[in-house]
Amino acid sequence: GSWKITMYAGDHNPPHFHIVTRDRLEAQVAIATLTVLRGDVPPNAMKTALAWAAKNRSLLERTWAEMH
């Protein structure tokens with residue numbers, strides 16, 4: 001699609017992921033609450049990325065734990 005979910009090893013708390021668009025727009029989203037911590041991406045990318053994250057929260061939590 002037009003976006004991807006990214007995590008960076010050693011990144012700061014709280015546990016979060018990044019939504020990055022093809023145009024390099026970026027938002028950080030808290031895993032626990034799926035609230036945007038900072039940044040902004042187009043509404044359609046935000047909606048579909050958050051829907052994916054809601055369905056895959058346990059994967060995001062495991063990935064964060066493995067990376068940190």
# chains A, B, ... in the order shown; residues from 1 in each chain; ligands from 1
call {"tool": "residues_around", "arguments": {"residues": "Leu25 of chain A", "least_positions_apart": "5", "cutoff": "9 Å", "atoms": "only C-alpha atoms", "output": "ChimeraX atom specification"}}
result
/A:19-20,39-42
call {"tool": "residues_around", "arguments": {"residues": "Asp11 of chain A", "least_positions_apart": "6", "cutoff": "10 Å", "atoms": "only C-alpha atoms", "output": "list in words"}}
result
Phe17, Trp64, Met67 and His68 of chain A
call {"tool": "atom_distance", "arguments": {"atom1": "atom CA of Lys47 of chain A", "atom2": "atom CA of Trp3 of chain A"}}
result
11.0 Å
call {"tool": "select_by_dssp", "arguments": {"residues": "chain A", "states": "strand (DSSP E or B)", "output": "PyMOL selection string"}}
result
chain A and resi 3-6+16-21+26-30+36-39
call {"tool": "atom_distance", "arguments": {"atom1": "atom CA of His18 of chain A", "atom2": "atom CA of Thr6 of chain A"}}
result
5.0 Å
call {"tool": "select_by_dssp", "arguments": {"residues": "chain A", "states": "helix (DSSP H, G or I)", "output": "MDAnalysis selection string"}}
result
chainID A and resid 43:55 57:67
call {"tool": "residues_around", "arguments": {"residues": "Pro15 of chain A", "least_positions_apart": "5", "cutoff": "8 Å", "atoms": "only C-alpha atoms", "output": "CSV table (one decimal) with all heavy atoms, in the first residue's frame"}}
result
chain,number,residue,atom,x,y,z
A,30,ALA,N,1.1,4.9,19.9
A,30,ALA,CA,1.3,4.1,21.1
A,30,ALA,C,0.6,2.7,20.9
A,30,ALA,O,-0.5,2.7,20.4
A,30,ALA,CB,0.7,4.8,22.3
A,31,ILE,N,1.4,1.7,21.2
A,31,ILE,CA,0.8,0.3,20.9
A,31,ILE,C,-0.4,0.1,21.9
A,31,ILE,O,-1.4,-0.5,21.5
A,31,ILE,CB,1.9,-0.8,21.1
A,31,ILE,CG1,3.0,-0.6,20.0
A,31,ILE,CG2,1.3,-2.2,21.1
A,31,ILE,CD1,4.2,-1.5,20.3
A,32,ALA,N,-0.2,0.4,23.1
A,32,ALA,CA,-1.3,0.1,24.1
A,32,ALA,C,-2.6,0.7,23.8
A,32,ALA,O,-3.7,0.1,24.1
A,32,ALA,CB,-0.8,0.5,25.5
A,61,GLU,N,3.3,-5.8,20.2
A,61,GLU,CA,3.8,-5.9,21.5
A,61,GLU,C,5.0,-6.9,21.6
A,61,GLU,O,6.0,-6.5,22.2
A,61,GLU,CB,2.7,-6.3,22.5
A,61,GLU,CG,1.6,-5.3,22.7
A,61,GLU,CD,0.4,-5.8,23.4
A,61,GLU,OE1,0.2,-7.0,23.5
A,61,GLU,OE2,-0.4,-4.9,23.9
A,64,TRP,N,8.0,-5.3,19.8
A,64,TRP,CA,8.6,-4.2,20.7
A,64,TRP,C,9.5,-4.9,21.8
A,64,TRP,O,10.6,-4.5,22.0
A,64,TRP,CB,7.6,-3.3,21.3
A,64,TRP,CG,8.2,-2.3,22.2
A,64,TRP,CD1,8.4,-2.4,23.5
A,64,TRP,CD2,8.6,-1.0,21.8
A,64,TRP,NE1,9.0,-1.3,24.0
A,64,TRP,CE2,9.1,-0.4,23.0
A,64,TRP,CE3,8.6,-0.3,20.6
A,64,TRP,CZ2,9.6,0.9,23.0
A,64,TRP,CZ3,9.1,1.0,20.6
A,64,TRP,CH2,9.6,1.6,21.8
call {"tool": "closest_residue", "arguments": {"among": "A:Ala9, A:Lys4, A:Leu34, A:Pro14", "to": "Thr63 of chain A", "atoms": "only C-alpha atoms"}}
result
A:Ala9
call {"tool": "closest_residue", "arguments": {"among": "A:Ala54, A:Leu60, A:Ala65, A:Ala49", "to": "Gly1 of chain A", "atoms": "only C-alpha atoms"}}
result
A:Ala49
call {"tool": "closest_residue", "arguments": {"among": "A:Ala27, A:Ser2, A:His16, A:Thr21", "to": "Arg57 of chain A", "atoms": "only C-alpha atoms"}}
result
A:His16
call {"tool": "closest_residue", "arguments": {"among": "A:Leu50, A:Asp23, A:Asn56, A:Met7", "to": "Val36 of chain A", "atoms": "only C-alpha atoms"}}
result
A:Leu50
